[in-house]
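One file, coords-v2.pdb, is given below (PDB, C-alpha atoms, pLDDT in the B column).
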```
ATOM      1  CA  GLY S   1      47.336  -9.485  43.699  1.00 53.00           C
ATOM      2  CA  GLY S   2      48.121 -10.832  47.116  1.00 63.00           C
ATOM      3  CA  GLU S   3      45.892 -11.807  49.965  1.00 73.00           C
ATOM      4  CA  GLY S   4      43.953  -9.421  52.099  1.00 76.00           C
ATOM      5  CA  ILE S   5      40.485  -8.025  52.413  1.00 77.00           C
ATOM      6  CA  ASN S   6      38.941  -7.474  49.007  1.00 80.00           C
ATOM      7  CA  PRO S   7      35.278  -6.718  49.636  1.00 84.00           C
ATOM      8  CA  LEU S   8      32.565  -6.891  47.015  1.00 88.00           C
ATOM      9  CA  ASP S   9      29.546  -4.638  47.045  1.00 93.00           C
ATOM     10  CA  GLU S  10      26.640  -7.075  47.156  1.00 94.00           C
ATOM     11  CA  ASN S  11      24.598  -4.656  45.032  1.00 96.00           C
ATOM     12  CA  SER S  12      27.243  -4.332  42.290  1.00 96.00           C
ATOM     13  CA  GLN S  13      27.027  -6.583  39.245  1.00 97.00           C
ATOM     14  CA  LEU S  14      30.180  -8.407  40.372  1.00 96.00           C
ATOM     15  CA  GLY S  15      28.712  -8.889  43.862  1.00 95.00           C
ATOM     16  CA  LYS S  16      25.407 -10.162  42.464  1.00 97.00           C
ATOM     17  CA  ASP S  17      27.259 -12.509  40.091  1.00 97.00           C
ATOM     18  CA  TYR S  18      29.381 -13.835  42.967  1.00 95.00           C
ATOM     19  CA  ILE S  19      26.343 -14.512  45.170  1.00 96.00           C
ATOM     20  CA  GLN S  20      24.489 -16.183  42.294  1.00 97.00           C
ATOM     21  CA  ALA S  21      27.502 -18.385  41.447  1.00 97.00           C
ATOM     22  CA  MET S  22      28.049 -19.301  45.113  1.00 95.00           C
ATOM     23  CA  GLU S  23      24.384 -20.247  45.571  1.00 95.00           C
ATOM     24  CA  TYR S  24      24.527 -22.339  42.386  1.00 97.00           C
ATOM     25  CA  CYS S  25      27.618 -24.156  43.700  1.00 95.00           C
ATOM     26  CA  LEU S  26      25.920 -24.826  47.055  1.00 94.00           C
ATOM     27  CA  ARG S  27      22.876 -26.297  45.250  1.00 95.00           C
ATOM     28  CA  TRP S  28      25.156 -28.402  43.036  1.00 96.00           C
ATOM     29  CA  ALA S  29      27.067 -29.688  46.084  1.00 93.00           C
ATOM     30  CA  LEU S  30      23.788 -30.652  47.789  1.00 93.00           C
ATOM     31  CA  PHE S  31      22.613 -32.422  44.630  1.00 95.00           C
ATOM     32  CA  ASN S  32      25.872 -34.412  44.532  1.00 94.00           C
ATOM     33  CA  ARG S  33      25.681 -35.354  48.230  1.00 91.00           C
ATOM     34  CA  GLU S  34      22.077 -36.496  47.807  1.00 94.00           C
ATOM     35  CA  LYS S  35      23.034 -38.514  44.713  1.00 95.00           C
ATOM     36  CA  MET S  36      25.874 -40.227  46.602  1.00 91.00           C
ATOM     37  CA  MET S  37      23.569 -41.022  49.532  1.00 91.00           C
ATOM     38  CA  ARG S  38      20.902 -42.440  47.220  1.00 94.00           C
ATOM     39  CA  ASN S  39      23.491 -44.584  45.409  1.00 94.00           C
ATOM     40  CA  ILE S  40      24.890 -45.896  48.689  1.00 90.00           C
ATOM     41  CA  CYS S  41      21.427 -46.672  50.051  1.00 94.00           C
ATOM     42  CA  ASP S  42      20.492 -48.418  46.791  1.00 95.00           C
ATOM     43  CA  ALA S  43      23.696 -50.501  46.933  1.00 93.00           C
ATOM     44  CA  LEU S  44      22.936 -51.491  50.540  1.00 92.00           C
ATOM     45  CA  GLY S  45      19.253 -52.137  49.872  1.00 96.00           C
ATOM     46  CA  ALA S  46      18.351 -49.348  52.287  1.00 95.00           C
ATOM     47  CA  THR S  47      15.891 -46.493  52.031  1.00 94.00           C
ATOM     48  CA  PHE S  48      17.185 -42.944  51.756  1.00 91.00           C
ATOM     49  CA  TYR S  49      15.243 -40.548  53.963  1.00 90.00           C
ATOM     50  CA  GLU S  50      15.970 -37.042  52.712  1.00 87.00           C
ATOM     51  CA  GLU S  51      14.711 -35.433  55.930  1.00 87.00           C
ATOM     52  CA  THR S  52      17.413 -37.213  57.968  1.00 87.00           C
ATOM     53  CA  MET S  53      20.312 -35.992  55.837  1.00 89.00           C
ATOM     54  CA  VAL S  54      22.584 -33.468  57.559  1.00 91.00           C
ATOM     55  CA  ASN S  55      23.660 -30.866  55.002  1.00 89.00           C
ATOM     56  CA  ARG S  56      26.301 -28.446  56.281  1.00 87.00           C
ATOM     57  CA  ASN S  57      28.480 -26.378  53.987  1.00 83.00           C
ATOM     58  CA  HIS S  58      31.811 -24.730  54.629  1.00 82.00           C
ATOM     59  CA  ASN S  59      33.865 -22.149  52.752  1.00 83.00           C
ATOM     60  CA  HIS S  60      30.896 -20.025  51.786  1.00 87.00           C
ATOM     61  CA  ALA S  61      29.261 -16.741  52.740  1.00 92.00           C
ATOM     62  CA  GLU S  62      25.865 -16.311  54.351  1.00 92.00           C
ATOM     63  CA  LYS S  63      23.900 -13.173  55.148  1.00 93.00           C
ATOM     64  CA  LYS S  64      22.596 -12.909  58.702  1.00 90.00           C
ATOM     65  CA  ASP S  65      21.165  -9.854  60.443  1.00 89.00           C
ATOM     66  CA  GLY S  66      22.267  -7.632  57.560  1.00 91.00           C
ATOM     67  CA  LEU S  67      25.908  -8.814  57.664  1.00 90.00           C
ATOM     68  CA  TRP S  68      27.765 -11.362  55.560  1.00 92.00           C
ATOM     69  CA  ILE S  69      29.512 -14.179  57.455  1.00 92.00           C
ATOM     70  CA  HIS S  70      32.209 -15.996  55.485  1.00 91.00           C
ATOM     71  CA  ARG S  71      32.890 -19.394  56.991  1.00 91.00           C
ATOM     72  CA  LYS S  72      36.304 -20.486  55.716  1.00 88.00           C
ATOM     73  CA  GLY S  73      37.265 -23.775  57.370  1.00 88.00           C
ATOM     74  CA  ALA S  74      34.177 -23.333  59.514  1.00 93.00           C
ATOM     75  CA  THR S  75      30.573 -24.455  59.411  1.00 93.00           C
ATOM     76  CA  HIS S  76      27.258 -23.211  60.740  1.00 93.00           C
ATOM     77  CA  ALA S  77      26.478 -24.274  64.337  1.00 96.00           C
ATOM     78  CA  GLU S  78      23.298 -22.523  65.491  1.00 96.00           C
ATOM     79  CA  ASP S  79      21.771 -23.757  68.756  1.00 98.00           C
ATOM     80  CA  GLY S  80      20.364 -27.244  68.148  1.00 97.00           C
ATOM     81  CA  MET S  81      21.557 -27.369  64.513  1.00 96.00           C
ATOM     82  CA  LEU S  82      22.957 -30.738  63.423  1.00 96.00           C
ATOM     83  CA  GLY S  83      26.364 -30.757  61.784  1.00 95.00           C
ATOM     84  CA  VAL S  84      29.115 -33.051  60.598  1.00 94.00           C
ATOM     85  CA  ILE S  85      32.791 -32.548  61.443  1.00 95.00           C
ATOM     86  CA  PRO S  86      35.137 -34.805  59.455  1.00 93.00           C
ATOM     87  CA  ALA S  87      38.479 -36.021  60.771  1.00 93.00           C
ATOM     88  CA  ASN S  88      40.365 -37.918  58.059  1.00 92.00           C
ATOM     89  CA  MET S  89      40.172 -41.136  56.025  1.00 89.00           C
ATOM     90  CA  ARG S  90      40.836 -43.305  59.070  1.00 91.00           C
ATOM     91  CA  ASP S  91      39.135 -41.521  61.934  1.00 93.00           C
ATOM     92  CA  GLY S  92      35.772 -40.780  60.327  1.00 91.00           C
ATOM     93  CA  VAL S  93      33.358 -38.021  61.235  1.00 93.00           C
ATOM     94  CA  TYR S  94      31.552 -36.617  64.238  1.00 96.00           C
ATOM     95  CA  LEU S  95      27.833 -35.937  64.197  1.00 96.00           C
ATOM     96  CA  VAL S  96      27.372 -32.832  66.347  1.00 97.00           C
ATOM     97  CA  ARG S  97      24.739 -30.405  67.580  1.00 98.00           C
ATOM     98  CA  GLY S  98      25.502 -26.681  67.554  1.00 97.00           C
ATOM     99  CA  ARG S  99      25.451 -24.683  70.778  1.00 98.00           C
ATOM    100  CA  GLY S 100      24.752 -21.338  69.056  1.00 97.00           C
ATOM    101  CA  ASN S 101      27.825 -19.645  70.504  1.00 97.00           C
ATOM    102  CA  ALA S 102      27.530 -15.956  69.557  1.00 95.00           C
ATOM    103  CA  ASP S 103      31.272 -15.382  70.141  1.00 96.00           C
ATOM    104  CA  SER S 104      31.986 -17.682  67.178  1.00 95.00           C
ATOM    105  CA  LEU S 105      29.137 -16.234  65.084  1.00 94.00           C
ATOM    106  CA  CYS S 106      27.336 -19.548  65.649  1.00 95.00           C
ATOM    107  CA  SER S 107      30.125 -21.451  63.881  1.00 95.00           C
ATOM    108  CA  SER S 108      32.363 -24.423  64.580  1.00 96.00           C
ATOM    109  CA  SER S 109      35.363 -25.889  62.798  1.00 95.00           C
ATOM    110  CA  HIS S 110      34.602 -27.696  59.575  1.00 92.00           C
ATOM    111  CA  GLY S 111      37.056 -30.494  60.284  1.00 92.00           C
ATOM    112  CA  ALA S 112      40.444 -31.561  61.508  1.00 92.00           C
ATOM    113  CA  GLY S 113      42.415 -29.312  59.166  1.00 92.00           C
ATOM    114  CA  ARG S 114      45.808 -30.110  57.735  1.00 95.00           C
ATOM    115  CA  VAL S 115      49.094 -29.937  59.627  1.00 96.00           C
ATOM    116  CA  MET S 116      51.044 -30.275  56.391  1.00 96.00           C
ATOM    117  CA  SER S 117      50.445 -29.384  52.780  1.00 96.00           C
ATOM    118  CA  ARG S 118      49.519 -32.004  50.215  1.00 95.00           C
ATOM    119  CA  SER S 119      52.957 -31.738  48.601  1.00 97.00           C
ATOM    120  CA  LYS S 120      54.737 -32.120  51.961  1.00 97.00           C
ATOM    121  CA  ALA S 121      52.587 -35.150  52.829  1.00 96.00           C
ATOM    122  CA  LYS S 122      53.560 -36.785  49.521  1.00 96.00           C
ATOM    123  CA  LYS S 123      57.232 -36.198  50.373  1.00 96.00           C
ATOM    124  CA  THR S 124      56.871 -37.271  54.023  1.00 97.00           C
ATOM    125  CA  PHE S 125      54.884 -40.524  53.840  1.00 96.00           C
ATOM    126  CA  SER S 126      55.659 -43.623  51.844  1.00 96.00           C
ATOM    127  CA  LEU S 127      52.964 -45.955  50.573  1.00 93.00           C
ATOM    128  CA  THR S 128      54.001 -48.411  53.309  1.00 93.00           C
ATOM    129  CA  ASP S 129      53.587 -45.670  55.952  1.00 94.00           C
ATOM    130  CA  PHE S 130      50.166 -44.834  54.535  1.00 92.00           C
ATOM    131  CA  ARG S 131      49.060 -48.491  54.610  1.00 89.00           C
ATOM    132  CA  ASP S 132      50.315 -48.917  58.188  1.00 92.00           C
ATOM    133  CA  ILE S 133      48.564 -45.730  59.350  1.00 92.00           C
ATOM    134  CA  MET S 134      45.307 -46.862  57.678  1.00 88.00           C
ATOM    135  CA  HIS S 135      45.468 -50.300  59.348  1.00 84.00           C
ATOM    136  CA  GLY S 136      41.966 -51.582  60.034  1.00 80.00           C
ATOM    137  CA  VAL S 137      40.272 -49.365  57.424  1.00 81.00           C
ATOM    138  CA  ASN S 138      39.984 -50.194  53.728  1.00 69.00           C
ATOM    139  CA  PRO S 139      40.737 -53.919  53.598  1.00 65.00           C
ATOM    140  CA  ASP S 140      42.926 -55.017  50.689  1.00 62.00           C
ATOM    141  CA  GLY S 141      44.318 -51.517  50.317  1.00 58.00           C
ATOM    142  CA  PHE S 142      41.120 -50.194  48.741  1.00 68.00           C
ATOM    143  CA  THR S 143      41.876 -46.587  47.651  1.00 76.00           C
ATOM    144  CA  ILE S 144      45.178 -46.636  49.522  1.00 83.00           C
ATOM    145  CA  ASP S 145      47.623 -45.939  46.730  1.00 85.00           C
ATOM    146  CA  GLU S 146      50.361 -43.544  45.622  1.00 88.00           C
ATOM    147  CA  SER S 147      47.879 -41.008  44.247  1.00 89.00           C
ATOM    148  CA  ARG S 148      46.246 -40.545  47.662  1.00 90.00           C
ATOM    149  CA  ILE S 149      49.243 -40.285  50.003  1.00 93.00           C
ATOM    150  CA  ASP S 150      48.401 -36.587  50.475  1.00 94.00           C
ATOM    151  CA  GLU S 151      45.254 -37.779  52.315  1.00 92.00           C
ATOM    152  CA  CYS S 152      47.290 -39.726  54.897  1.00 93.00           C
ATOM    153  CA  PRO S 153      45.602 -39.250  58.313  1.00 94.00           C
ATOM    154  CA  ASN S 154      48.883 -38.031  59.833  1.00 96.00           C
ATOM    155  CA  ALA S 155      48.774 -35.015  57.494  1.00 97.00           C
ATOM    156  CA  TYR S 156      45.794 -33.766  59.562  1.00 96.00           C
ATOM    157  CA  LYS S 157      45.444 -32.407  63.082  1.00 96.00           C
ATOM    158  CA  PRO S 158      44.457 -34.962  65.739  1.00 95.00           C
ATOM    159  CA  ILE S 159      40.660 -34.899  65.727  1.00 95.00           C
ATOM    160  CA  SER S 160      40.472 -35.433  69.513  1.00 94.00           C
ATOM    161  CA  GLU S 161      42.229 -32.067  70.038  1.00 95.00           C
ATOM    162  CA  VAL S 162      40.072 -30.321  67.453  1.00 96.00           C
ATOM    163  CA  MET S 163      36.903 -31.588  69.125  1.00 97.00           C
ATOM    164  CA  SER S 164      38.003 -30.773  72.686  1.00 96.00           C
ATOM    165  CA  ASN S 165      38.979 -27.234  71.594  1.00 96.00           C
ATOM    166  CA  GLN S 166      35.410 -26.476  70.536  1.00 97.00           C
ATOM    167  CA  GLU S 167      33.316 -27.948  73.340  1.00 97.00           C
ATOM    168  CA  ASP S 168      31.744 -24.505  73.823  1.00 98.00           C
ATOM    169  CA  LEU S 169      30.674 -24.465  70.149  1.00 98.00           C
ATOM    170  CA  ILE S 170      29.222 -27.942  69.633  1.00 98.00           C
ATOM    171  CA  GLU S 171      27.967 -31.014  71.474  1.00 98.00           C
ATOM    172  CA  ILE S 172      29.152 -34.395  70.167  1.00 97.00           C
ATOM    173  CA  ILE S 173      26.256 -36.720  69.401  1.00 97.00           C
ATOM    174  CA  THR S 174      28.293 -39.627  68.045  1.00 97.00           C
ATOM    175  CA  HIS S 175      31.571 -40.539  66.361  1.00 96.00           C
ATOM    176  CA  ILE S 176      31.193 -42.504  63.123  1.00 93.00           C
ATOM    177  CA  LYS S 177      34.263 -44.524  62.137  1.00 90.00           C
ATOM    178  CA  PRO S 178      34.700 -45.829  58.595  1.00 86.00           C
ATOM    179  CA  ILE S 179      35.082 -49.422  57.536  1.00 82.00           C
ATOM    180  CA  VAL S 180      35.883 -48.468  53.954  1.00 79.00           C
ATOM    181  CA  ASN S 181      36.738 -44.998  52.655  1.00 76.00           C
ATOM    182  CA  VAL S 182      36.362 -44.409  48.929  1.00 75.00           C
ATOM    183  CA  LYS S 183      38.330 -41.537  47.440  1.00 72.00           C
ATOM    184  CA  GLY S 184      37.903 -40.796  43.792  1.00 66.00           C
TER
END
```
Output the file's structure as structure tokens, nothing else.
Amino acid sequence: GGEGINPLDENSQLGKDYIQAMEYCLRWALFNREKMMRNICDALGATFYEETMVNRNHNHAEKKDGLWIHRKGATHAEDGMLGVIPANMRDGVYLVRGRGNADSLCSSSHGAGRVMSRSKAKKTFSLTDFRDIMHGVNPDGFTIDESRIDECPNAYKPISEVMSNQEDLIEIITHIKPIVNVKG
């Protein structure tokens, strides 16, 4: 038990099983994202253009130049590669372009990251706090309820700091702010 480095031989049965399961999960995640996008476009009467979808994973391993790169809390950011860096329920996401920084193994942060655990957030913020912090997003308290207090924006790092700390890794194309955020 315990944390630490526990390597798998990619040629062992366990290693092969892990890679196969991970690749299956990545395909399943893509399928789900595409399904959500199609449903949203259908609801808005818009056309979904698959070639414009930005699909970036995090918390997975990828083989490059004979070595495995495990991006935990990080995402791929090759030179010119489009990516998405989420903030929180209130502050939206950033559409970015990778700079291909070799010092970071062509990676950037995946998102804002938490400053407090889910359990601490539930103990720290009241429903009134959560509603006040979410002011201007999710009219009528849509998905702002007791069961989601752990997603309170103040439980995450300030996205402006996160973005300024990785200017050498990515270029910001645009900041997309939500009008409604659906958590389910």
Notebook entry, point to check: So how many Å separate atom CA of Tyr94 of chain S and atom CA of Ile179 of chain S, to one decimal?
Noted result: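 Result for atom CA of Tyr94 of chain S versus atom CA of Ile179 of chain S: 14.9 Å, one decimal.
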Closest atom pairs, segment 44-139 of chain S residues within 12 Å of segment 2-15 of chain S, all atoms listed in the file, as JSON lines:
```
{"residue": "S:Ala61", "atom": "CA", "partner": "S:Glu10", "partner_atom": "CA", "distance": 11.5}
{"residue": "S:Glu62", "atom": "CA", "partner": "S:Glu10", "partner_atom": "CA", "distance": 11.7}
{"residue": "S:Lys63", "atom": "CA", "partner": "S:Glu10", "partner_atom": "CA", "distance": 10.4}
{"residue": "S:Gly66", "atom": "CA", "partner": "S:Glu10", "partner_atom": "CA", "distance": 11.3}
{"residue": "S:Leu67", "atom": "CA", "partner": "S:Glu10", "partner_atom": "CA", "distance": 10.7}
{"residue": "S:Trp68", "atom": "CA", "partner": "S:Glu10", "partner_atom": "CA", "distance": 9.5}
{"residue": "S:His70", "atom": "CA", "partner": "S:Pro7", "partner_atom": "CA", "distance": 11.4}
```
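Taking only C-alpha atoms into account, those protein, DNA and RNA residues with any atom at most 7 Å away from (40.0, -33.0, 62.5) amount to Pro86, Ala87, Asn88, Gly111, Ala112, Gly113, Tyr156, Lys157, Pro158, Ile159 and Val162 of chain S.
Within the file as shown, the PyMOL selection byres ((chain S and resi 146) around 12) identifies Ala121, Lys122, Lys123, Phe125, Ser126, Leu127, Thr128, Asp129, Phe130, Arg131, Gly141, Phe142, Thr143, Ile144, Asp145, Ser147, Arg148, Ile149, Asp150, Glu151 and Cys152 of chain S.
Using all atoms listed in the file, the shortest contact distance between Gln166 of chain S and any of S:Ile133, S:Cys106, S:Cys25, S:Val180 is found at S:Cys106.
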Need a file for segment 56-152 of chain S from that block: C-alpha atoms, written as an mmCIF file, in the first residue's frame.
```cif
data_model
loop_
_atom_site.group_PDB
_atom_site.id
_atom_site.type_symbol
_atom_site.label_atom_id
_atom_site.label_comp_id
_atom_site.auth_asym_id
_atom_site.auth_seq_id
_atom_site.Cartn_x
_atom_site.Cartn_y
_atom_site.Cartn_z
ATOM 1 C CA ARG S 56 -7.981 17.196 -24.514
ATOM 2 C CA ASN S 57 -7.645 14.561 -21.825
ATOM 3 C CA HIS S 58 -5.955 14.724 -18.457
ATOM 4 C CA ASN S 59 -4.958 12.109 -15.894
ATOM 5 C CA HIS S 60 -3.766 9.599 -18.452
ATOM 6 C CA ALA S 61 -0.526 8.204 -19.838
ATOM 7 C CA GLU S 62 0.785 8.652 -23.358
ATOM 8 C CA LYS S 63 3.818 7.156 -25.063
ATOM 9 C CA LYS S 64 6.105 9.628 -26.813
ATOM 10 C CA ASP S 65 9.615 9.031 -28.133
ATOM 11 C CA GLY S 66 9.742 5.645 -26.405
ATOM 12 C CA LEU S 67 8.813 7.044 -22.965
ATOM 13 C CA TRP S 68 5.502 7.136 -21.120
ATOM 14 C CA ILE S 69 4.295 10.571 -19.970
ATOM 15 C CA HIS S 70 1.652 10.502 -17.238
ATOM 16 C CA ARG S 71 -0.247 13.768 -17.146
ATOM 17 C CA LYS S 72 -1.902 13.970 -13.726
ATOM 18 C CA GLY S 73 -3.627 17.341 -13.367
ATOM 19 C CA ALA S 74 -2.000 18.265 -16.657
ATOM 20 C CA THR S 75 -2.947 18.186 -20.312
ATOM 21 C CA HIS S 76 -1.137 17.959 -23.625
ATOM 22 C CA ALA S 77 0.090 21.313 -25.009
ATOM 23 C CA GLU S 78 2.210 20.680 -28.110
ATOM 24 C CA ASP S 79 3.111 23.734 -30.202
ATOM 25 C CA GLY S 80 -0.071 24.986 -31.880
ATOM 26 C CA MET S 81 -2.291 22.352 -30.213
ATOM 27 C CA LEU S 82 -5.678 23.645 -29.048
ATOM 28 C CA GLY S 83 -6.670 22.941 -25.468
ATOM 29 C CA VAL S 84 -9.247 23.782 -22.844
ATOM 30 C CA ILE S 85 -8.375 24.822 -19.289
ATOM 31 C CA PRO S 86 -11.384 24.927 -16.948
ATOM 32 C CA ALA S 87 -11.636 27.266 -13.973
ATOM 33 C CA ASN S 88 -14.769 26.504 -11.945
ATOM 34 C CA MET S 89 -18.568 26.672 -12.200
ATOM 35 C CA ARG S 90 -18.573 30.469 -12.206
ATOM 36 C CA ASP S 91 -15.446 31.450 -14.086
ATOM 37 C CA GLY S 92 -15.749 29.145 -17.091
ATOM 38 C CA VAL S 93 -12.957 27.875 -19.295
ATOM 39 C CA TYR S 94 -10.058 29.166 -21.340
ATOM 40 C CA LEU S 95 -9.499 28.090 -24.920
ATOM 41 C CA VAL S 96 -5.720 27.963 -25.337
ATOM 42 C CA ARG S 97 -3.007 27.104 -27.837
ATOM 43 C CA GLY S 98 0.004 25.095 -26.679
ATOM 44 C CA ARG S 99 3.503 26.534 -26.962
ATOM 45 C CA GLY S 100 5.233 23.122 -27.047
ATOM 46 C CA ASN S 101 7.429 23.860 -24.041
ATOM 47 C CA ALA S 102 9.886 20.945 -23.800
ATOM 48 C CA ASP S 103 10.663 21.747 -20.135
ATOM 49 C CA SER S 104 7.065 20.806 -19.268
ATOM 50 C CA LEU S 105 7.052 17.798 -21.624
ATOM 51 C CA CYS S 106 4.694 19.823 -23.836
ATOM 52 C CA SER S 107 2.096 19.981 -21.050
ATOM 53 C CA SER S 108 0.065 22.632 -19.267
ATOM 54 C CA SER S 109 -2.185 22.566 -16.225
ATOM 55 C CA HIS S 110 -5.521 20.876 -16.721
ATOM 56 C CA GLY S 111 -7.407 23.473 -14.707
ATOM 57 C CA ALA S 112 -7.591 25.661 -11.658
ATOM 58 C CA GLY S 113 -7.134 22.847 -9.149
ATOM 59 C CA ARG S 114 -8.639 22.752 -5.696
ATOM 60 C CA VAL S 115 -7.426 24.751 -2.706
ATOM 61 C CA MET S 116 -9.594 22.691 -0.372
ATOM 62 C CA SER S 117 -10.959 19.180 -0.362
ATOM 63 C CA ARG S 118 -14.574 18.453 -1.200
ATOM 64 C CA SER S 119 -15.320 17.612 2.437
ATOM 65 C CA LYS S 120 -13.695 20.839 3.680
ATOM 66 C CA ALA S 121 -15.643 22.885 1.114
ATOM 67 C CA LYS S 122 -18.901 21.334 2.355
ATOM 68 C CA LYS S 123 -17.956 22.331 5.915
ATOM 69 C CA THR S 124 -16.709 25.807 4.934
ATOM 70 C CA PHE S 125 -19.449 27.164 2.651
ATOM 71 C CA SER S 126 -23.137 27.467 3.357
ATOM 72 C CA LEU S 127 -25.753 27.301 0.628
ATOM 73 C CA THR S 128 -26.174 31.080 1.002
ATOM 74 C CA ASP S 129 -22.404 31.564 0.523
ATOM 75 C CA PHE S 130 -22.520 29.348 -2.556
ATOM 76 C CA ARG S 131 -25.447 31.297 -4.052
ATOM 77 C CA ASP S 132 -23.727 34.632 -3.362
ATOM 78 C CA ILE S 133 -20.444 33.440 -4.901
ATOM 79 C CA MET S 134 -22.311 32.169 -7.998
ATOM 80 C CA HIS S 135 -24.143 35.497 -8.443
ATOM 81 C CA GLY S 136 -24.763 36.161 -12.125
ATOM 82 C CA VAL S 137 -24.460 32.504 -13.188
ATOM 83 C CA ASN S 138 -27.277 29.960 -13.047
ATOM 84 C CA PRO S 139 -30.391 32.112 -12.691
ATOM 85 C CA ASP S 140 -32.991 30.790 -10.251
ATOM 86 C CA GLY S 141 -30.366 28.742 -8.450
ATOM 87 C CA PHE S 142 -30.179 26.159 -11.234
ATOM 88 C CA THR S 143 -27.880 23.361 -9.948
ATOM 89 C CA ILE S 144 -26.859 25.472 -6.963
ATOM 90 C CA ASP S 145 -27.931 23.266 -4.092
ATOM 91 C CA GLU S 146 -26.644 21.494 -0.983
ATOM 92 C CA SER S 147 -25.358 18.507 -2.959
ATOM 93 C CA ARG S 148 -22.987 20.696 -4.993
ATOM 94 C CA ILE S 149 -21.439 22.954 -2.341
ATOM 95 C CA ASP S 150 -18.147 21.077 -2.834
ATOM 96 C CA GLU S 151 -18.026 22.678 -6.317
ATOM 97 C CA CYS S 152 -18.129 26.219 -4.884
#
```
